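Student: Structure supplied as upload_35.txt; contents: compact mmCIF, N, CA, C and O atoms.
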```
# COMPACT_ATOMS: atom_id res chain seq x y z
N GLU A 635 -6.08 22.56 61.69
CA GLU A 635 -5.45 23.86 61.74
C GLU A 635 -5.58 24.37 63.17
O GLU A 635 -6.66 24.45 63.72
N GLY A 636 -4.50 24.71 63.80
CA GLY A 636 -4.51 25.20 65.17
C GLY A 636 -4.88 26.67 65.23
O GLY A 636 -4.47 27.46 64.40
N GLU A 637 -5.66 27.02 66.23
CA GLU A 637 -6.09 28.41 66.39
C GLU A 637 -5.21 29.15 67.39
O GLU A 637 -5.20 30.36 67.41
N SER A 638 -4.52 28.42 68.23
CA SER A 638 -3.76 29.07 69.28
C SER A 638 -2.50 29.71 68.71
O SER A 638 -1.80 29.13 67.91
N ARG A 639 -2.26 30.93 69.12
CA ARG A 639 -1.04 31.63 68.73
C ARG A 639 -0.32 32.03 70.01
O ARG A 639 -0.93 32.64 70.88
N PRO A 640 0.94 31.73 70.11
CA PRO A 640 1.65 32.18 71.31
C PRO A 640 1.75 33.70 71.33
O PRO A 640 1.88 34.34 70.29
N VAL A 641 1.64 34.25 72.49
CA VAL A 641 1.76 35.69 72.65
C VAL A 641 3.23 36.02 72.77
O VAL A 641 3.93 35.50 73.62
N ARG A 642 3.70 36.87 71.89
CA ARG A 642 5.11 37.27 71.91
C ARG A 642 5.22 38.67 72.48
O ARG A 642 4.37 39.52 72.21
N GLY A 643 6.25 38.91 73.23
CA GLY A 643 6.49 40.25 73.74
C GLY A 643 5.59 40.64 74.89
O GLY A 643 5.36 41.81 75.11
N GLY A 644 5.04 39.68 75.63
CA GLY A 644 4.25 40.01 76.80
C GLY A 644 2.76 39.92 76.56
O GLY A 644 2.29 39.34 75.59
N ARG A 645 2.04 40.53 77.44
CA ARG A 645 0.58 40.46 77.49
C ARG A 645 -0.05 41.19 76.29
O ARG A 645 0.36 42.29 75.95
N LEU A 646 -1.06 40.55 75.71
CA LEU A 646 -1.82 41.19 74.64
C LEU A 646 -2.74 42.25 75.24
O LEU A 646 -3.46 41.97 76.19
N GLY A 647 -2.74 43.44 74.68
CA GLY A 647 -3.69 44.46 75.10
C GLY A 647 -5.08 44.09 74.62
O GLY A 647 -5.25 43.27 73.72
N ALA A 648 -6.09 44.71 75.21
CA ALA A 648 -7.48 44.37 74.88
C ALA A 648 -7.80 44.56 73.40
O ALA A 648 -8.44 43.72 72.79
N GLU A 649 -7.33 45.66 72.79
CA GLU A 649 -7.64 45.90 71.38
C GLU A 649 -7.07 44.81 70.49
O GLU A 649 -7.75 44.28 69.62
N ARG A 650 -5.80 44.48 70.66
CA ARG A 650 -5.15 43.45 69.84
C ARG A 650 -5.77 42.08 70.12
O ARG A 650 -5.99 41.29 69.20
N ALA A 651 -6.06 41.81 71.38
CA ALA A 651 -6.67 40.52 71.73
C ALA A 651 -8.03 40.37 71.04
O ALA A 651 -8.34 39.31 70.49
N LEU A 652 -8.83 41.44 71.04
CA LEU A 652 -10.14 41.36 70.39
C LEU A 652 -10.02 41.24 68.88
O LEU A 652 -10.86 40.61 68.24
N THR A 653 -8.98 41.80 68.30
CA THR A 653 -8.74 41.63 66.86
C THR A 653 -8.46 40.16 66.56
O THR A 653 -9.01 39.60 65.61
N CYS A 654 -7.63 39.52 67.37
CA CYS A 654 -7.34 38.08 67.19
C CYS A 654 -8.61 37.25 67.37
O CYS A 654 -8.89 36.35 66.57
N VAL A 655 -9.39 37.55 68.40
CA VAL A 655 -10.64 36.83 68.66
C VAL A 655 -11.58 37.00 67.47
O VAL A 655 -12.17 36.03 66.99
N ALA A 656 -11.73 38.23 66.96
CA ALA A 656 -12.63 38.49 65.84
C ALA A 656 -12.21 37.73 64.59
O ALA A 656 -13.06 37.18 63.87
N GLU A 657 -10.91 37.65 64.32
CA GLU A 657 -10.42 36.92 63.15
C GLU A 657 -10.80 35.44 63.23
O GLU A 657 -11.26 34.85 62.25
N ILE A 658 -10.62 34.86 64.38
CA ILE A 658 -10.95 33.44 64.56
C ILE A 658 -12.45 33.22 64.44
O ILE A 658 -12.91 32.32 63.73
N LEU A 659 -13.23 34.05 65.12
CA LEU A 659 -14.69 33.86 65.12
C LEU A 659 -15.30 34.11 63.75
O LEU A 659 -16.28 33.46 63.39
N ALA A 660 -14.73 35.01 62.97
CA ALA A 660 -15.23 35.26 61.62
C ALA A 660 -15.09 34.00 60.77
O ALA A 660 -15.98 33.67 59.97
N ARG A 661 -14.00 33.27 60.94
CA ARG A 661 -13.79 32.03 60.17
C ARG A 661 -14.75 30.92 60.57
O ARG A 661 -14.93 29.97 59.82
N HIS A 662 -15.38 31.06 61.73
CA HIS A 662 -16.27 30.01 62.22
C HIS A 662 -17.73 30.43 62.23
O HIS A 662 -18.56 29.80 62.88
N GLY A 663 -18.06 31.50 61.50
CA GLY A 663 -19.46 31.86 61.28
C GLY A 663 -20.13 32.70 62.34
O GLY A 663 -21.34 32.86 62.32
N PHE A 664 -19.39 33.29 63.28
CA PHE A 664 -20.01 34.07 64.34
C PHE A 664 -20.32 35.51 63.94
O PHE A 664 -21.03 36.21 64.65
N GLU A 665 -19.78 36.00 62.84
CA GLU A 665 -20.01 37.36 62.35
C GLU A 665 -19.71 38.42 63.43
O GLU A 665 -20.60 39.13 63.89
N PRO A 666 -18.44 38.54 63.81
CA PRO A 666 -18.09 39.52 64.84
C PRO A 666 -18.38 40.95 64.40
O PRO A 666 -18.23 41.31 63.24
N ASP A 667 -18.81 41.75 65.36
CA ASP A 667 -19.17 43.15 65.12
C ASP A 667 -18.44 43.98 66.17
O ASP A 667 -18.77 43.91 67.36
N ARG A 668 -17.45 44.72 65.74
CA ARG A 668 -16.65 45.53 66.66
C ARG A 668 -17.44 46.76 67.04
O ARG A 668 -17.69 47.64 66.23
N GLU A 669 -17.86 46.85 68.29
CA GLU A 669 -18.66 47.97 68.78
C GLU A 669 -17.78 49.15 69.18
O GLU A 669 -18.27 50.24 69.39
N GLY A 670 -16.52 48.93 69.33
CA GLY A 670 -15.57 49.95 69.73
C GLY A 670 -14.23 49.27 69.88
O GLY A 670 -14.11 48.07 69.65
N PRO A 671 -13.21 49.98 70.27
CA PRO A 671 -11.89 49.37 70.35
C PRO A 671 -11.81 48.20 71.32
O PRO A 671 -11.02 47.29 71.13
N THR A 672 -12.65 48.20 72.36
CA THR A 672 -12.57 47.12 73.34
C THR A 672 -13.92 46.43 73.57
O THR A 672 -14.15 45.85 74.63
N GLU A 673 -14.80 46.46 72.58
CA GLU A 673 -16.08 45.76 72.66
C GLU A 673 -16.31 44.97 71.39
O GLU A 673 -16.13 45.49 70.29
N LEU A 674 -16.72 43.73 71.56
CA LEU A 674 -16.98 42.86 70.41
C LEU A 674 -18.25 42.07 70.68
O LEU A 674 -18.37 41.40 71.70
N ARG A 675 -19.20 42.20 69.76
CA ARG A 675 -20.43 41.41 69.82
C ARG A 675 -20.47 40.51 68.60
O ARG A 675 -19.79 40.76 67.61
N LEU A 676 -21.29 39.49 68.68
CA LEU A 676 -21.39 38.50 67.60
C LEU A 676 -22.80 38.57 67.02
O LEU A 676 -23.78 38.34 67.72
N ARG A 677 -22.89 38.88 65.72
CA ARG A 677 -24.20 39.01 65.07
C ARG A 677 -24.82 37.67 64.73
O ARG A 677 -26.00 37.60 64.40
N ASN A 678 -24.04 36.60 64.80
CA ASN A 678 -24.56 35.28 64.48
C ASN A 678 -24.02 34.27 65.48
O ASN A 678 -22.91 34.41 65.97
N CYS A 679 -24.83 33.28 65.75
CA CYS A 679 -24.38 32.17 66.57
C CYS A 679 -24.65 30.88 65.80
O CYS A 679 -25.80 30.59 65.46
N PRO A 680 -23.61 30.13 65.48
CA PRO A 680 -23.82 28.87 64.76
C PRO A 680 -24.69 27.88 65.53
O PRO A 680 -25.21 26.94 64.95
N PHE A 681 -24.88 28.11 66.82
CA PHE A 681 -25.67 27.20 67.66
C PHE A 681 -27.09 27.71 67.88
O PHE A 681 -27.84 27.15 68.67
N HIS A 682 -27.48 28.79 67.19
CA HIS A 682 -28.79 29.42 67.40
C HIS A 682 -29.97 28.44 67.28
O HIS A 682 -30.85 28.46 68.13
N PRO A 683 -30.00 27.57 66.26
CA PRO A 683 -31.15 26.65 66.17
C PRO A 683 -31.30 25.77 67.42
O PRO A 683 -32.41 25.54 67.88
N MET A 684 -30.18 25.33 67.99
CA MET A 684 -30.26 24.53 69.21
C MET A 684 -30.61 25.40 70.41
O MET A 684 -31.30 24.97 71.33
N ALA A 685 -30.12 26.63 70.44
CA ALA A 685 -30.38 27.54 71.55
C ALA A 685 -31.86 27.86 71.68
O ALA A 685 -32.34 28.14 72.77
N GLU A 686 -32.58 27.84 70.56
CA GLU A 686 -34.02 28.10 70.63
C GLU A 686 -34.72 27.04 71.47
O GLU A 686 -35.70 27.33 72.14
N ASP A 687 -34.23 25.79 71.44
CA ASP A 687 -34.84 24.71 72.20
C ASP A 687 -34.44 24.72 73.67
O ASP A 687 -35.25 24.38 74.53
N ASP A 688 -33.21 25.06 73.98
CA ASP A 688 -32.73 25.05 75.36
C ASP A 688 -31.65 26.13 75.54
O ASP A 688 -30.46 25.83 75.59
N PRO A 689 -32.08 27.40 75.62
CA PRO A 689 -31.09 28.48 75.66
C PRO A 689 -30.14 28.42 76.85
O PRO A 689 -28.96 28.71 76.70
N ALA A 690 -30.61 28.03 78.02
CA ALA A 690 -29.72 27.99 79.19
C ALA A 690 -28.57 27.02 78.96
O ALA A 690 -27.41 27.36 79.22
N LEU A 691 -28.88 25.84 78.45
CA LEU A 691 -27.83 24.84 78.22
C LEU A 691 -26.90 25.26 77.08
O LEU A 691 -25.68 25.31 77.26
N VAL A 692 -27.47 25.58 75.93
CA VAL A 692 -26.65 25.87 74.75
C VAL A 692 -25.84 27.15 74.95
O VAL A 692 -24.65 27.19 74.63
N CYS A 693 -26.44 28.19 75.50
CA CYS A 693 -25.70 29.43 75.71
C CYS A 693 -24.62 29.24 76.78
O CYS A 693 -23.53 29.81 76.67
N GLY A 694 -24.89 28.42 77.78
CA GLY A 694 -23.87 28.12 78.78
C GLY A 694 -22.67 27.40 78.19
O GLY A 694 -21.52 27.72 78.49
N VAL A 695 -22.94 26.43 77.33
CA VAL A 695 -21.85 25.70 76.67
C VAL A 695 -21.09 26.63 75.72
O VAL A 695 -19.86 26.62 75.68
N ASN A 696 -21.82 27.45 74.97
CA ASN A 696 -21.19 28.41 74.05
C ASN A 696 -20.29 29.38 74.83
O ASN A 696 -19.17 29.68 74.41
N HIS A 697 -20.78 29.88 75.96
CA HIS A 697 -19.98 30.80 76.78
C HIS A 697 -18.70 30.11 77.26
O HIS A 697 -17.62 30.69 77.20
N ALA A 698 -18.82 28.87 77.72
CA ALA A 698 -17.63 28.13 78.17
C ALA A 698 -16.66 27.92 77.01
O ALA A 698 -15.44 28.08 77.17
N PHE A 699 -17.18 27.58 75.84
CA PHE A 699 -16.36 27.36 74.65
C PHE A 699 -15.59 28.65 74.28
O PHE A 699 -14.38 28.63 74.07
N LEU A 700 -16.29 29.77 74.22
CA LEU A 700 -15.66 31.02 73.82
C LEU A 700 -14.71 31.55 74.90
O LEU A 700 -13.67 32.12 74.59
N SER A 701 -15.03 31.32 76.17
CA SER A 701 -14.10 31.68 77.25
C SER A 701 -12.82 30.87 77.14
O SER A 701 -11.71 31.39 77.32
N GLY A 702 -12.96 29.58 76.83
CA GLY A 702 -11.79 28.72 76.65
C GLY A 702 -10.94 29.16 75.48
O GLY A 702 -9.71 29.08 75.53
N MET A 703 -11.58 29.63 74.42
CA MET A 703 -10.83 30.11 73.26
C MET A 703 -9.98 31.32 73.65
O MET A 703 -8.80 31.40 73.30
N VAL A 704 -10.56 32.25 74.40
CA VAL A 704 -9.83 33.43 74.85
C VAL A 704 -8.66 33.01 75.73
O VAL A 704 -7.53 33.50 75.57
N ASP A 705 -8.90 32.09 76.65
CA ASP A 705 -7.83 31.60 77.52
C ASP A 705 -6.73 30.93 76.71
O ASP A 705 -5.55 31.12 76.97
N GLY A 706 -7.12 30.14 75.71
CA GLY A 706 -6.15 29.45 74.86
C GLY A 706 -5.27 30.39 74.07
O GLY A 706 -4.13 30.07 73.77
N LEU A 707 -5.81 31.56 73.75
CA LEU A 707 -5.01 32.57 73.03
C LEU A 707 -4.07 33.30 73.98
O LEU A 707 -3.20 34.04 73.53
N GLY A 708 -4.24 33.12 75.27
CA GLY A 708 -3.45 33.88 76.23
C GLY A 708 -3.89 35.33 76.30
O GLY A 708 -3.12 36.20 76.66
N ALA A 709 -5.15 35.58 75.95
CA ALA A 709 -5.68 36.95 75.90
C ALA A 709 -6.28 37.32 77.25
O ALA A 709 -7.48 37.49 77.40
N SER A 710 -5.43 37.45 78.26
CA SER A 710 -5.90 37.69 79.62
C SER A 710 -6.49 39.08 79.82
O SER A 710 -7.08 39.36 80.86
N SER A 711 -6.35 39.96 78.85
CA SER A 711 -6.88 41.33 78.98
C SER A 711 -8.36 41.43 78.60
O SER A 711 -8.98 42.46 78.82
N VAL A 712 -8.93 40.36 78.01
CA VAL A 712 -10.34 40.38 77.64
C VAL A 712 -11.05 39.16 78.23
O VAL A 712 -10.43 38.18 78.61
N GLU A 713 -12.38 39.29 78.31
CA GLU A 713 -13.17 38.16 78.77
C GLU A 713 -14.46 38.04 77.96
O GLU A 713 -14.96 39.03 77.44
N ALA A 714 -14.93 36.82 77.87
CA ALA A 714 -16.22 36.54 77.25
C ALA A 714 -17.26 36.57 78.37
O ALA A 714 -17.05 35.96 79.42
N THR A 715 -18.34 37.30 78.16
CA THR A 715 -19.39 37.35 79.17
C THR A 715 -20.71 36.92 78.55
O THR A 715 -20.96 37.14 77.36
N LEU A 716 -21.54 36.32 79.36
CA LEU A 716 -22.87 35.91 78.92
C LEU A 716 -23.76 37.15 78.99
O LEU A 716 -23.96 37.73 80.05
N ALA A 717 -24.24 37.60 77.84
CA ALA A 717 -25.02 38.83 77.75
C ALA A 717 -26.05 38.71 76.63
O ALA A 717 -25.92 39.34 75.58
N PRO A 718 -27.07 37.86 76.82
CA PRO A 718 -28.05 37.67 75.74
C PRO A 718 -28.80 38.96 75.41
O PRO A 718 -29.18 39.70 76.29
N ARG A 719 -28.93 39.24 74.12
CA ARG A 719 -29.74 40.36 73.65
C ARG A 719 -30.25 40.01 72.25
O ARG A 719 -29.57 39.33 71.50
N PRO A 720 -31.43 40.49 71.92
CA PRO A 720 -32.02 40.15 70.62
C PRO A 720 -31.11 40.54 69.46
O PRO A 720 -30.51 41.61 69.45
N GLY A 721 -31.00 39.63 68.49
CA GLY A 721 -30.24 39.89 67.29
C GLY A 721 -28.76 39.59 67.39
O GLY A 721 -28.03 39.80 66.43
N TYR A 722 -28.29 39.13 68.54
CA TYR A 722 -26.87 38.84 68.74
C TYR A 722 -26.72 37.48 69.40
O TYR A 722 -27.65 36.95 70.01
N CYS A 723 -25.51 36.96 69.33
CA CYS A 723 -25.14 35.77 70.08
C CYS A 723 -25.24 36.12 71.57
O CYS A 723 -25.14 37.29 71.95
N CYS A 724 -25.38 35.12 72.41
CA CYS A 724 -25.53 35.35 73.85
C CYS A 724 -24.22 35.73 74.54
O CYS A 724 -24.21 36.08 75.71
N VAL A 725 -23.11 35.68 73.83
CA VAL A 725 -21.80 36.00 74.41
C VAL A 725 -21.25 37.25 73.75
O VAL A 725 -21.37 37.44 72.55
N GLU A 726 -20.65 38.12 74.56
CA GLU A 726 -19.94 39.28 74.02
C GLU A 726 -18.59 39.36 74.71
O GLU A 726 -18.36 38.71 75.73
N PHE A 727 -17.71 40.16 74.14
CA PHE A 727 -16.34 40.27 74.65
C PHE A 727 -16.03 41.71 75.00
O PHE A 727 -16.47 42.64 74.33
N GLY A 728 -15.26 41.87 76.06
CA GLY A 728 -14.82 43.19 76.48
C GLY A 728 -13.61 43.06 77.38
O GLY A 728 -13.11 41.95 77.63
N PRO A 729 -13.13 44.19 77.90
CA PRO A 729 -11.96 44.14 78.76
C PRO A 729 -12.26 43.36 80.04
O PRO A 729 -13.37 43.42 80.55
N ARG A 730 -11.27 42.65 80.52
CA ARG A 730 -11.44 41.90 81.77
C ARG A 730 -11.56 42.91 82.91
O ARG A 730 -10.81 43.86 82.99
N ALA A 731 -12.53 42.68 83.76
CA ALA A 731 -12.79 43.60 84.90
C ALA A 731 -11.69 43.52 85.93
O ALA A 731 -11.03 42.56 86.11
```
Before anything else, please render the file you have as C-alpha cells.
Tutor:
Amino acid sequence: EGESRPVRGGRLGAERALTCVAEILARHGFEPDREGPTELRLRNCPFHPMAEDDPALVCGVNHAFLSGMVDGLGASSVEATLAPRPGYCCVEFGPRA
C-alpha cells in the first residue's frame, strides 16, 4: 500500500500537511498527538526498545525516515526535527523555518 499522495492544487499548508502526516503515523504505531494546529508530537516510537541501547543511532535513523516521509508527501510546509523529550518519540513536527 503506497503512502505517498500527490499534492493537488499547489502547496500543502502546515495544518493539512500535519493532518496527513498524523494519519500515516497513526497507522504505523507512532500515536500522534496534535499539540496545536501546527505542532505534532509522537507519544510512541516503534523503535523505542532499540533506541534504549543506542539512542544516537536509532533516533538519527528514525529522524531521517520521518523526514523522508514528509518529503515524499510533498509537505514542504512542515519539517521533522530531532527533539528528544521524556515520554515522546525523539522526533516532532512543526512548520518549516
Student: If you measure from CA of Ala731 (chain A) to CA of Asp688 (chain A), what distance in Å do you get, rounded to one decimal?
Tutor: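 According to the coordinates, CA of Ala731 (chain A) and CA of Asp688 (chain A) are separated by 28.9 Å.
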Student: Select from chain A everything DSSP, run on the backbone, classes as strand (DSSP E or B), then give the selection as an NGL selection string.
Tutor: :A and (666-670 or 673-676 or 712-716 or 725-729)
Student: What lies within 7 Å of region 711-714 of chain A using only N, CA, C and O atoms, ignoring chain neighbours under 6 positions off, as a list in words?
Tutor: Arg645, Leu646, Gly647, Ala648, Ala651, Leu652, His697, Leu700, Ser701, Val704, Asp705, Val725, Glu726, Phe727, Gly728, Pro729, Arg730 and Ala731 of chain A
Student: What lies within 8 Å of Pro666 (chain A) using all atoms listed in the file, ignoring chain neighbours under 3 positions off, as a list in words?
Tutor: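 My list of contacting residues is Val655, Ala656, Glu657, Leu659, Ala660, Arg661, Gly663, Glu669, Glu673, Leu674, Arg675, Leu676, Arg677 and Asn678 of chain A.
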Student: From the DSSP assignment of the backbone, select every residue of chain A that is alpha helix (DSSP H), and format the answer as a PyMOL selection string.
Tutor: chain A and resi 648-661+682-687+689-707
Student: Considering only N, CA, C and O atoms, state which residue in the set A:Met684, A:Leu691, A:Glu649, A:Cys724 is at the smallest distance from Gly670 (chain A).
Tutor: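 Closest residue, counting only N, CA, C and O atoms: A:Glu649.
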Student: Have a look at CA of Pro671 (chain A) and CA of Asn696 (chain A) and let me know their distance in Å, one decimal.
Tutor: 23.2 Å
Student: Enter the distance from atom N of His682 (chain A) to atom O of Thr653 (chain A), in Å, rounded to one decimal.
Tutor: 21.5 Å
